[in-house]
Structures are given as C-alpha cells and as structure tokens.
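S.K.: The file below is my_file.cif, mmCIF, C-alpha atoms:
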```cif
data_start
loop_
_atom_site.label_atom_id
_atom_site.label_comp_id
_atom_site.auth_asym_id
_atom_site.auth_seq_id
_atom_site.Cartn_x
_atom_site.Cartn_y
_atom_site.Cartn_z
CA ARG A 38 -39.19 38.55 -7.22
CA THR A 39 -37.66 35.68 -5.22
CA THR A 40 -37.66 33.41 -8.28
CA LYS A 41 -36.01 36.10 -10.38
CA MET A 42 -33.29 36.63 -7.77
CA ALA A 43 -32.66 32.88 -7.59
CA THR A 44 -32.37 32.73 -11.39
CA GLU A 45 -29.91 35.59 -11.40
CA ARG A 46 -27.79 33.98 -8.70
CA PHE A 47 -27.65 30.68 -10.61
CA THR A 48 -25.04 31.63 -13.22
CA LEU A 49 -23.07 28.35 -13.25
CA GLU A 50 -22.18 27.40 -16.83
CA GLU A 51 -21.14 23.97 -18.15
CA SER A 52 -17.65 25.32 -18.85
CA ASP A 53 -17.34 26.19 -15.14
CA LEU A 54 -18.31 22.63 -14.29
CA ASP A 55 -15.65 21.30 -16.65
CA LYS A 56 -12.99 23.45 -15.04
CA ALA A 57 -14.02 22.35 -11.55
CA ASN A 58 -13.93 18.66 -12.51
CA ALA A 59 -10.58 19.04 -14.24
CA ALA A 60 -9.10 20.68 -11.14
CA SER A 61 -10.63 18.01 -8.90
CA ARG A 62 -9.29 15.20 -11.11
CA LEU A 63 -5.81 16.71 -11.12
CA SER A 64 -5.79 17.18 -7.34
CA HIS A 65 -7.05 13.64 -6.68
CA THR A 66 -4.43 12.19 -9.03
CA LYS A 67 -1.61 14.02 -7.30
CA GLU A 68 -2.90 13.21 -3.81
CA LEU A 69 -2.16 9.47 -4.01
CA PRO A 70 1.34 8.73 -2.66
CA VAL A 71 2.04 6.20 -5.40
CA PHE A 72 1.54 8.93 -8.03
CA LYS A 73 3.71 11.38 -6.11
CA ARG A 74 6.53 8.87 -5.84
CA GLN A 75 6.28 8.08 -9.55
CA ASP A 76 6.44 11.77 -10.46
CA GLU A 77 9.49 12.19 -8.21
CA GLY A 78 11.15 9.07 -9.57
CA LYS A 79 10.92 7.31 -6.20
CA SER A 80 9.04 4.02 -6.17
CA GLY A 81 9.37 3.31 -2.43
CA PRO A 82 9.31 -0.21 -0.97
CA THR A 83 7.47 -2.94 -2.84
CA THR A 84 4.59 -4.50 -0.91
CA VAL A 85 4.33 -8.28 -1.30
CA ILE A 86 0.98 -9.69 -0.14
CA VAL A 87 1.51 -13.41 0.48
CA VAL A 88 -1.66 -15.43 -0.15
CA GLY A 89 -2.42 -19.08 -0.72
CA MET A 90 -4.48 -22.08 0.30
CA ALA A 91 -4.30 -23.43 3.84
CA GLY A 92 -1.23 -25.64 4.25
CA ALA A 93 0.60 -24.22 1.22
CA GLY A 94 3.37 -22.87 3.46
CA LYS A 95 2.76 -19.11 3.53
CA SER A 96 3.99 -18.56 7.08
CA SER A 97 6.92 -20.92 6.50
CA LEU A 98 7.88 -18.91 3.43
CA MET A 99 7.61 -15.69 5.45
CA ASN A 100 9.88 -17.24 8.06
CA ALA A 101 12.43 -18.22 5.40
CA LEU A 102 12.38 -14.66 4.04
CA TYR A 103 12.78 -13.32 7.57
CA VAL A 104 15.80 -15.55 8.21
CA GLN A 105 17.31 -14.50 4.88
CA ASN A 106 16.67 -10.87 5.79
CA TYR A 107 18.38 -11.30 9.18
CA ASP A 108 21.40 -13.08 7.67
CA ALA A 109 21.76 -10.40 4.99
CA GLU A 110 21.70 -7.58 7.53
CA LYS A 111 24.12 -9.42 9.82
CA SER A 112 26.60 -10.01 6.99
CA GLN A 113 26.83 -6.30 6.25
CA GLY A 114 28.97 -5.79 9.34
CA ASN A 115 28.71 -2.21 10.54
CA GLU A 116 25.24 -1.78 12.03
CA GLU A 117 25.17 1.93 11.24
CA GLU A 118 25.62 1.20 7.54
CA GLN A 119 23.21 -1.70 7.36
CA GLN A 120 20.61 -1.39 4.65
CA GLN A 121 17.14 -2.16 5.89
CA LEU A 122 15.72 -4.85 3.63
CA ASN A 123 12.27 -6.12 4.59
CA TYR A 124 9.45 -4.98 6.88
CA PHE A 125 7.05 -7.70 8.07
CA LEU A 126 3.28 -7.61 8.79
CA ASN A 127 0.97 -10.33 10.04
CA LEU A 128 -2.74 -10.14 9.14
CA ASP A 129 -3.71 -13.60 10.40
CA PRO A 130 -5.68 -13.06 13.65
CA ALA A 131 -6.23 -16.77 14.35
CA THR A 132 -2.66 -18.05 14.30
CA LYS A 133 -1.30 -19.16 17.66
CA SER A 134 2.32 -18.26 16.93
CA VAL A 135 4.05 -16.30 14.18
CA PRO A 136 7.35 -17.91 13.13
CA PHE A 137 8.81 -14.62 11.93
CA GLY A 138 9.34 -11.24 13.56
CA ALA A 139 6.30 -9.18 12.59
CA SER A 140 6.71 -5.46 13.23
CA ILE A 141 2.93 -5.00 12.90
CA ASP A 142 0.72 -7.84 14.12
CA ILE A 143 -3.09 -7.83 13.94
CA ARG A 144 -3.16 -9.92 17.13
CA ASP A 145 -1.81 -6.95 19.07
CA THR A 146 -5.01 -5.07 18.20
CA ILE A 147 -7.68 -7.73 17.73
CA ASP A 148 -8.37 -10.61 20.14
CA TYR A 149 -9.63 -13.38 17.85
CA LYS A 150 -11.10 -15.55 20.61
CA GLU A 151 -12.83 -12.58 22.18
CA VAL A 152 -14.40 -11.73 18.81
CA MET A 153 -15.76 -15.28 18.58
CA LYS A 154 -17.12 -15.05 22.11
CA GLN A 155 -18.71 -11.60 21.94
CA HIS A 156 -20.27 -11.98 18.48
CA ASN A 157 -21.12 -15.69 18.77
CA LEU A 158 -19.21 -16.55 15.60
CA GLY A 159 -17.51 -19.60 14.17
CA PRO A 160 -13.81 -19.69 13.18
CA ASN A 161 -14.18 -18.28 9.67
CA GLY A 162 -16.72 -15.64 10.68
CA ALA A 163 -14.43 -14.50 13.48
CA ILE A 164 -11.51 -14.16 11.07
CA MET A 165 -13.55 -12.00 8.71
CA THR A 166 -14.90 -9.89 11.58
CA SER A 167 -11.39 -9.43 12.94
CA LEU A 168 -10.19 -8.28 9.53
CA ASN A 169 -13.17 -5.92 9.26
CA LEU A 170 -12.35 -4.39 12.64
CA PHE A 171 -8.69 -4.05 11.74
CA ALA A 172 -9.57 -2.44 8.40
CA THR A 173 -11.30 0.41 10.26
CA LYS A 174 -7.90 1.35 11.73
CA PHE A 175 -5.80 0.52 8.69
CA ASP A 176 -5.19 4.22 8.04
CA GLN A 177 -3.00 4.18 11.16
CA VAL A 178 -1.06 1.25 9.72
CA MET A 179 -0.56 3.20 6.50
CA GLN A 180 0.78 6.17 8.47
CA ILE A 181 3.41 3.87 9.98
CA LEU A 182 4.28 2.31 6.62
CA ASP A 183 4.64 5.73 5.00
CA THR A 184 7.64 6.30 7.28
CA LYS A 185 9.35 3.05 6.18
CA THR A 186 10.62 4.30 2.83
CA SER A 187 14.15 3.06 3.57
CA TYR A 188 13.02 -0.58 3.30
CA LYS A 189 13.13 -2.50 0.05
CA HIS A 190 10.05 -4.66 0.66
CA ILE A 191 7.00 -4.80 2.89
CA LEU A 192 5.95 -8.44 3.35
CA VAL A 193 2.36 -9.15 4.43
CA ASP A 194 1.19 -12.56 5.66
CA THR A 195 -2.53 -13.30 5.30
CA PRO A 196 -4.95 -15.87 6.83
CA GLY A 197 -4.90 -19.46 5.63
CA GLN A 198 -8.62 -19.16 4.87
CA ILE A 199 -7.77 -17.41 1.62
CA GLU A 200 -11.31 -16.28 0.80
CA ALA A 201 -11.48 -14.38 4.12
CA PHE A 202 -8.93 -11.94 2.74
CA THR A 203 -9.12 -12.04 -1.05
CA TRP A 204 -12.93 -12.00 -1.33
CA SER A 205 -13.85 -9.80 1.61
CA ALA A 206 -14.45 -6.06 1.73
CA SER A 207 -11.73 -5.62 4.35
CA GLY A 208 -9.18 -7.45 2.20
CA THR A 209 -10.05 -5.21 -0.74
CA ILE A 210 -9.74 -2.08 1.43
CA MET A 211 -6.32 -3.07 2.73
CA SER A 212 -5.02 -4.21 -0.67
CA GLU A 213 -6.15 -1.01 -2.38
CA ALA A 214 -4.73 1.11 0.45
CA LEU A 215 -1.34 -0.54 0.05
CA ALA A 216 -1.46 -0.25 -3.74
CA SER A 217 -2.32 3.46 -3.52
CA SER A 218 0.90 4.10 -1.58
CA PHE A 219 3.46 1.54 -2.75
CA PRO A 220 4.08 -0.79 -5.68
CA THR A 221 2.12 -3.89 -4.66
CA VAL A 222 2.18 -7.46 -5.94
CA LEU A 223 0.51 -10.71 -4.93
CA ALA A 224 2.59 -13.79 -4.14
CA PHE A 225 0.32 -16.82 -4.51
CA VAL A 226 1.92 -19.77 -2.70
CA VAL A 227 1.15 -23.19 -4.15
CA ASP A 228 1.61 -26.60 -2.52
CA THR A 229 3.74 -28.25 -5.22
CA PRO A 230 3.49 -31.91 -4.05
CA ARG A 231 -0.32 -31.76 -3.99
CA CYS A 232 -0.45 -30.17 -7.45
CA VAL A 233 1.93 -32.70 -9.00
CA SER A 234 0.00 -35.62 -7.49
CA SER A 235 -3.32 -34.33 -8.86
CA PRO A 236 -3.65 -32.33 -12.12
CA SER A 237 -7.15 -31.25 -11.05
CA THR A 238 -5.70 -29.70 -7.85
CA PHE A 239 -3.15 -27.87 -9.99
CA MET A 240 -5.94 -26.53 -12.20
CA SER A 241 -7.94 -25.42 -9.16
CA ASN A 242 -4.95 -23.41 -7.89
CA MET A 243 -4.41 -21.79 -11.28
CA LEU A 244 -8.08 -20.82 -11.55
CA TYR A 245 -7.92 -19.24 -8.10
CA ALA A 246 -4.77 -17.35 -9.05
CA CYS A 247 -6.46 -16.09 -12.20
CA SER A 248 -9.55 -14.96 -10.28
CA MET A 249 -7.43 -13.09 -7.73
CA MET A 250 -5.46 -11.31 -10.41
CA TYR A 251 -8.61 -10.10 -12.17
CA ARG A 252 -10.30 -9.15 -8.90
CA THR A 253 -7.41 -7.09 -7.52
CA ARG A 254 -5.87 -6.15 -10.91
CA LEU A 255 -2.49 -6.48 -9.20
CA PRO A 256 0.48 -8.34 -10.71
CA ILE A 257 0.74 -11.87 -9.36
CA VAL A 258 3.68 -14.23 -8.82
CA ILE A 259 3.01 -17.97 -8.58
CA VAL A 260 5.34 -19.39 -5.92
CA PHE A 261 5.64 -23.18 -6.09
CA ASN A 262 6.62 -24.06 -2.54
CA LYS A 263 8.04 -27.31 -1.08
CA THR A 264 10.36 -27.98 -4.02
CA ASP A 265 12.59 -29.92 -1.62
CA VAL A 266 9.87 -32.59 -1.65
CA VAL A 267 8.84 -32.50 -5.32
CA PRO A 268 10.47 -30.35 -8.04
CA HIS A 269 8.23 -27.75 -9.63
CA GLU A 270 9.45 -28.35 -13.20
CA ILE A 271 6.46 -30.64 -13.81
CA CYS A 272 4.07 -27.77 -13.12
CA GLU A 273 6.18 -25.51 -15.32
CA GLU A 274 5.88 -28.04 -18.13
CA TRP A 275 2.10 -28.17 -17.73
CA MET A 276 1.95 -24.37 -17.96
CA ASN A 277 4.14 -24.25 -21.07
CA ASP A 278 2.54 -27.21 -22.88
CA PHE A 279 -1.16 -27.91 -22.38
CA GLU A 280 -0.80 -31.23 -24.23
CA ALA A 281 1.58 -32.45 -21.53
CA PHE A 282 -1.07 -31.49 -18.97
CA HIS A 283 -3.70 -33.42 -20.93
CA ASP A 284 -1.48 -36.51 -20.94
CA ALA A 285 -0.96 -36.24 -17.18
CA LEU A 286 -4.70 -35.76 -16.69
CA ASP A 287 -5.49 -38.85 -18.76
CA GLN A 288 -2.94 -40.91 -16.85
CA HIS A 289 -4.27 -39.74 -13.50
CA SER A 290 -7.84 -40.50 -14.57
CA ALA A 291 -6.87 -43.99 -15.69
CA ASN A 292 -5.07 -44.77 -12.43
CA SER A 293 -7.83 -43.42 -10.21
CA ASP A 294 -10.80 -44.59 -12.31
CA SER A 295 -12.10 -41.03 -12.47
CA GLY A 296 -13.10 -38.92 -15.44
CA GLY A 297 -16.32 -37.89 -17.06
CA TYR A 298 -17.56 -34.33 -16.93
CA TYR A 299 -14.98 -33.06 -14.42
CA ASN A 300 -12.13 -34.41 -16.53
CA THR A 301 -13.53 -32.71 -19.63
CA LEU A 302 -14.00 -29.44 -17.75
CA THR A 303 -10.41 -29.52 -16.45
CA ARG A 304 -9.12 -30.17 -19.95
CA SER A 305 -11.10 -27.22 -21.32
CA MET A 306 -9.90 -24.92 -18.52
CA SER A 307 -6.27 -25.74 -19.30
CA MET A 308 -6.75 -24.45 -22.84
CA VAL A 309 -8.55 -21.34 -21.61
CA LEU A 310 -5.72 -20.52 -19.19
CA ASP A 311 -2.98 -21.13 -21.74
CA GLU A 312 -2.83 -17.42 -22.59
CA PHE A 313 -2.99 -16.53 -18.89
CA TYR A 314 0.22 -18.51 -18.30
CA CYS A 315 2.15 -16.58 -20.95
CA ASN A 316 2.40 -13.37 -18.91
CA LEU A 317 2.52 -15.04 -15.50
CA HIS A 318 5.57 -14.75 -13.24
CA ARG A 319 6.39 -17.99 -11.46
CA CYS A 320 9.21 -19.56 -9.49
CA GLY A 321 9.98 -22.56 -7.33
CA VAL A 322 11.14 -22.21 -3.73
CA SER A 323 11.65 -24.29 -0.64
CA ALA A 324 10.72 -22.59 2.61
CA MET A 325 12.47 -25.43 4.45
CA THR A 326 15.90 -25.22 2.77
CA GLY A 327 15.79 -21.66 1.44
CA ASP A 328 16.39 -22.72 -2.17
CA GLY A 329 15.02 -20.50 -4.94
CA MET A 330 14.94 -17.24 -2.98
CA ASP A 331 17.01 -15.37 -5.56
CA GLU A 332 14.57 -16.43 -8.27
CA PHE A 333 11.70 -15.35 -6.02
CA TRP A 334 13.09 -11.82 -5.61
CA ALA A 335 13.75 -11.62 -9.36
CA CYS A 336 10.08 -12.43 -10.03
CA ILE A 337 9.01 -9.80 -7.47
CA GLU A 338 11.16 -7.21 -9.24
CA ASN A 339 9.62 -8.07 -12.62
CA ALA A 340 6.12 -7.93 -11.13
CA THR A 341 6.95 -4.51 -9.67
CA LYS A 342 7.74 -3.27 -13.18
CA ASP A 343 4.36 -4.60 -14.31
CA PHE A 344 2.73 -2.64 -11.50
CA GLU A 345 4.34 0.59 -12.67
CA GLN A 346 3.63 -0.05 -16.35
CA GLU A 347 0.12 -1.51 -16.12
CA TYR A 348 -1.55 -1.02 -12.74
CA ILE A 349 -0.78 2.70 -12.31
CA PRO A 350 -2.09 3.69 -15.79
CA ASP A 351 -5.16 1.50 -15.17
CA LEU A 352 -5.70 3.18 -11.78
CA LYS A 353 -5.51 6.61 -13.41
CA ASN A 354 -8.05 5.54 -16.04
CA ARG A 355 -10.43 4.24 -13.37
CA MET A 356 -10.15 7.51 -11.46
CA GLU A 357 -10.88 9.46 -14.65
CA GLU A 358 -13.90 7.26 -15.36
CA GLN A 359 -15.17 7.88 -11.84
CA THR A 360 -14.67 11.61 -12.29
CA ALA A 361 -16.54 11.48 -15.60
CA LYS A 362 -19.47 9.73 -13.92
CA GLN A 363 -19.53 12.36 -11.17
CA ARG A 364 -19.41 15.08 -13.82
CA ALA A 365 -22.35 13.52 -15.65
CA ILE A 366 -24.35 13.38 -12.41
CA ALA A 367 -23.48 17.00 -11.59
CA LYS A 368 -24.40 18.09 -15.12
CA GLU A 369 -27.75 16.33 -14.91
CA GLY A 370 -28.43 17.97 -11.56
CA MET A 371 -27.52 21.39 -12.94
CA MET A 372 -29.86 20.95 -15.90
CA ARG A 373 -32.67 19.75 -13.63
CA LEU A 374 -32.22 22.80 -11.40
CA GLN A 375 -32.25 25.14 -14.41
CA ARG A 376 -35.49 23.56 -15.66
CA ASP A 377 -37.08 23.88 -12.21
CA LEU A 378 -36.09 27.52 -11.96
CA ALA A 379 -37.38 28.22 -15.46
CA THR A 380 -40.68 26.50 -14.62
CA ASN A 381 -41.06 28.51 -11.41
CA ASP A 382 -40.22 31.73 -13.25
CA ALA A 383 -42.83 30.99 -15.91
CA SER A 384 -45.51 30.14 -13.37
CA ALA A 385 -44.76 33.32 -11.43
#
```
Starting from the coordinates I provided, produce the structure as structure tokens.
M.R.:
Amino acid sequence: RTTKMATERFTLEESDLDKANAASRLSHTKELPVFKRQDEGKSGPTTVIVVGMAGAGKSSLMNALYVQNYDAEKSQGNEEEQQQLNYFLNLDPATKSVPFGASIDIRDTIDYKEVMKQHNLGPNGAIMTSLNLFATKFDQVMQILDTKTSYKHILVDTPGQIEAFTWSASGTIMSEALASSFPTVLAFVVDTPRCVSSPSTFMSNMLYACSMMYRTRLPIVIVFNKTDVVPHEICEEWMNDFEAFHDALDQHSANSDSGGYYNTLTRSMSMVLDEFYCNLHRCGVSAMTGDGMDEFWACIENATKDFEQEYIPDLKNRMEEQTAKQRAIAKEGMMRLQRDLATNDASA
C-alpha cells in the first residue's frame, strides 16, 4: 500500500520539468544586474581591470588617470554640477604606498605582513592568500559599487605578480563578479622599452595577453606604456606586419648570438597570433607625461561595445548550457526514481 501511495504521489511529468527549468533560466537571466541594465538601456560605469607584468607601470598609469580625473573635475567649476568620472580600487595587498586615491583599498581589510606571519607564507603565497580572504567579502564591495552608477569608470589596480590575480580562483571570482554587474574590460599594460629592445619579450607579453583574454573571455586593451622613453609604433608595426617582426627577430638574434629552437618558436608564434592582433584594441600612453590618455579612453569605449556585443551573449549562452546540464541531471534522476518505484511496486 505504501508503494502504491508513493507511486500515486509521484506525478511529475517531463513537461513539468521543462516548465520549471524555463522559469528558472528566465529568473536567473534577469537576476544579473548587467542584464537588467541592458534591458533598461543603462550600461552603468565601465570597469577597467588594470593588469600587467611587474614593472610595467600599472600603478603609475593609475596615478596618471587619477590626476587626469582630478583636473577634469576641477575644471568643471561648480562643485554641485561636477560630473563624477572615475572610481578607484586597489587590490594589491603588498604595496607599501598607493600613488592614487583609492576609495576601496584591500590593505584596509587585509594585513599582508600579518598573513605572512600567521600562515608562514612567502611573498607570493601571502598575496594569493590575501586575495582569497578578500574574495570572501567581495560581495560587500559589490554592494558599494552598485551605488556608484553616477561614475563613468571603475578603475581597479591589481598586484604586480600578475599570475596571483589572473590565474587564481579569487581573481576569477572578482572578475566575474564585476562582469556580472558592469561592462568590464582588461587593460594589459606593457613595458614598451623592454619589448622594443627584445622581440622575444614582446612575444611573451602578447602570448600572456592572449591567454588572459581566452581565460576571462573579457575584451582586452593592450596599453603600451612608457612611450616617452621609446615610441610604441615599432610594436604596432610588428603587430600589423609579421614579416617586419621576423626581420627584427633575425637582427636581434644576429646581434646577440642567440637563435635556434627558441627563435623558431617565436617566429611561429608570431604567425599564430597574427589573427589575434586583428581584433585587438591597443594604444600607446605615457604615465609620466600623460600623453595618449584620449586614445586610451577611446580604446576603452570600443572594448565596452565589444563587451555588450560579445561577452553578454556568450554569458547568456553559458548560463543556458549550465541550465541544460542541470535539466539533464534532473531528468536522469526522475527516470531513476520512476524505475525504482516501478521495481518496488512489482516486487510488492
């Protein structure tokens, strides 16, 4: 009798499961703030995550943008009518001083030296642990940022140990959280003098930029910094003409008596990345003199359009794929339960 009652209670049909999944998919899609803003025609501030190798000048670039932001607000005159331009965040727990005014600073929450001491960690391990701890409270940061819709940009500085952010779970959590609320782009800062002096260094930077773009799926802007020392047009030429890069590589190999397998690999990589360069936003700036900032903001605006046209549809597709997987698992579980009930009914 108990088995019969259980069979009678279990009246869930596959069509009911489809309806439930469709409703769940629709609700999850509308829950994300970035989807809500798109439906309402409001994009909100663009988040710019500044990343790059140690010594590339990320913090110096942030400082230049902060100074430009201050000058722009000051030139508007009436403080009541000033348009708020940029909101600054610092996610580098190990820096001793921040050269720009960060409204949210990880150092206010996480004591980097104390993390090293308590967990017996080295410098890089302490940075990753600090980011992991901060990621557990990042929902509070998002609540603050959700109130900053009057700003045009949210600028985020990251640790110089680039892999600690771009290849860590905490970095992924924070990047995806930002991208789920605001249009988000990566600004990959490149040390132009080092790239021009060594074609292999240039290729290493481009490979890293390519890997970050495919890992995060976010639009990326290559920012050639320190153009006051060496102009970035040489790097632009290498990106537009791989034969020019091959000539520079051959000349560098001849002068330094290097070559062999690494030279051949670099040459092959330049041809592989040739298509990657075609759709890549790039600009040259000088954090020291402030040159190229207008071009930088123009690239950010174009990357924001790519976010709306490519990232958001891709995010919706990924959510639908995840919902389909969950539906398949639920369907399999329903069928298994029906078979078990039928077996128990037959044995009874």
S.K.: Here is a test: counting only C-alpha atoms, which residue of A:Leu374, A:Val152, A:Met165, A:Met211 is nearest to Gln177 of chain A?
M.R.: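 Checking each candidate against Gln177 of chain A, we get A:Met211 as the closest.
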S.K.: Apply the PyMOL selection byres ((chain A and resi 314) around 10) to the structure shown and report the selected residues as a VMD selection string.
M.R.: chain A and resid 243 247 273 275 to 277 307 309 to 313 315 to 319
S.K.: Take the PyMOL selection byres ((chain A and resi 345) around 12), apply it to the structure above, and return the hits as a PyMOL selection string.
M.R.: chain A and resi 71-72+74-76+78-81+83+216-217+219-222+255-256+338-344+346-353
S.K.: Quick one: distance from atom CA of Phe137 of chain A to atom CA of Thr253 of chain A in Å, one decimal?
M.R.: 26.4 Å
S.K.: Would you work out the distance separating atom CA of Glu280 of chain A from atom CA of Arg304 of chain A, expressed in Å to one decimal?
M.R.: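 Interatomic distance here is 9.4 Å.
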S.K.: Excluding segment 171-175 of chain A and its own-chain neighbours fewer than 5 positions away, which residues fall within 10 Å of it when counting all atoms listed in the file? Please give them as an MDAnalysis selection string.
M.R.: chainID A and resid 128 130 143:144 146:147 165:166 180:181 206:211 214:215
S.K.: For this file, the PyMOL selection byres ((chain A and resi 228) around 7) selects which residues, as a list in words?
M.R.: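 Given this file, the PyMOL selection byres ((chain A and resi 228) around 7) evaluates to Ala93, Val226, Val227, Thr229, Pro230, Arg231, Cys232, Phe261, Asn262 and Lys263 of chain A.
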S.K.: Tell me which of A:Met308, A:Val85, A:Leu192, A:Leu69 sits closest to Asn100 of chain A, counting all atoms listed in the file.
M.R.: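 Result for the nearest residue to Asn100 of chain A: A:Leu192.
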S.K.: Hey, can you check how far atom CA of Tyr251 of chain A sits from atom CA of Lys362 of chain A?
M.R.: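 Between these atoms lies a distance of 22.7 Å.
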S.K.: Anything within 9 Å of (-0.4, -10.1, -1.9): list those residues as JSON, numbers by chain, counting only C-alpha atoms and sticking to the file's coordinates.
M.R.: {"A": [84, 85, 86, 87, 88, 192, 193, 194, 195, 203, 212, 221, 222, 223, 224, 225, 255, 257]}
S.K.: If you keep C-alpha atoms, can you produce a file of those selected residues as a JSON list (two decimals), in the frame of the given file?
M.R.:
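Once written, out_7.json looks like this:
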```
[["chain", "number", "residue", "atom", "x", "y", "z"],
["A", 84, "THR", "CA", 4.59, -4.50, -0.91],
["A", 85, "VAL", "CA", 4.33, -8.28, -1.30],
["A", 86, "ILE", "CA", 0.98, -9.69, -0.14],
["A", 87, "VAL", "CA", 1.51, -13.41, 0.48],
["A", 88, "VAL", "CA", -1.66, -15.43, -0.15],
["A", 192, "LEU", "CA", 5.95, -8.44, 3.35],
["A", 193, "VAL", "CA", 2.36, -9.15, 4.43],
["A", 194, "ASP", "CA", 1.19, -12.56, 5.66],
["A", 195, "THR", "CA", -2.53, -13.30, 5.30],
["A", 203, "THR", "CA", -9.12, -12.04, -1.05],
["A", 212, "SER", "CA", -5.02, -4.21, -0.67],
["A", 221, "THR", "CA", 2.12, -3.89, -4.66],
["A", 222, "VAL", "CA", 2.18, -7.46, -5.94],
["A", 223, "LEU", "CA", 0.51, -10.71, -4.93],
["A", 224, "ALA", "CA", 2.59, -13.79, -4.14],
["A", 225, "PHE", "CA", 0.32, -16.82, -4.51],
["A", 255, "LEU", "CA", -2.49, -6.48, -9.20],
["A", 257, "ILE", "CA", 0.74, -11.87, -9.36]]
```
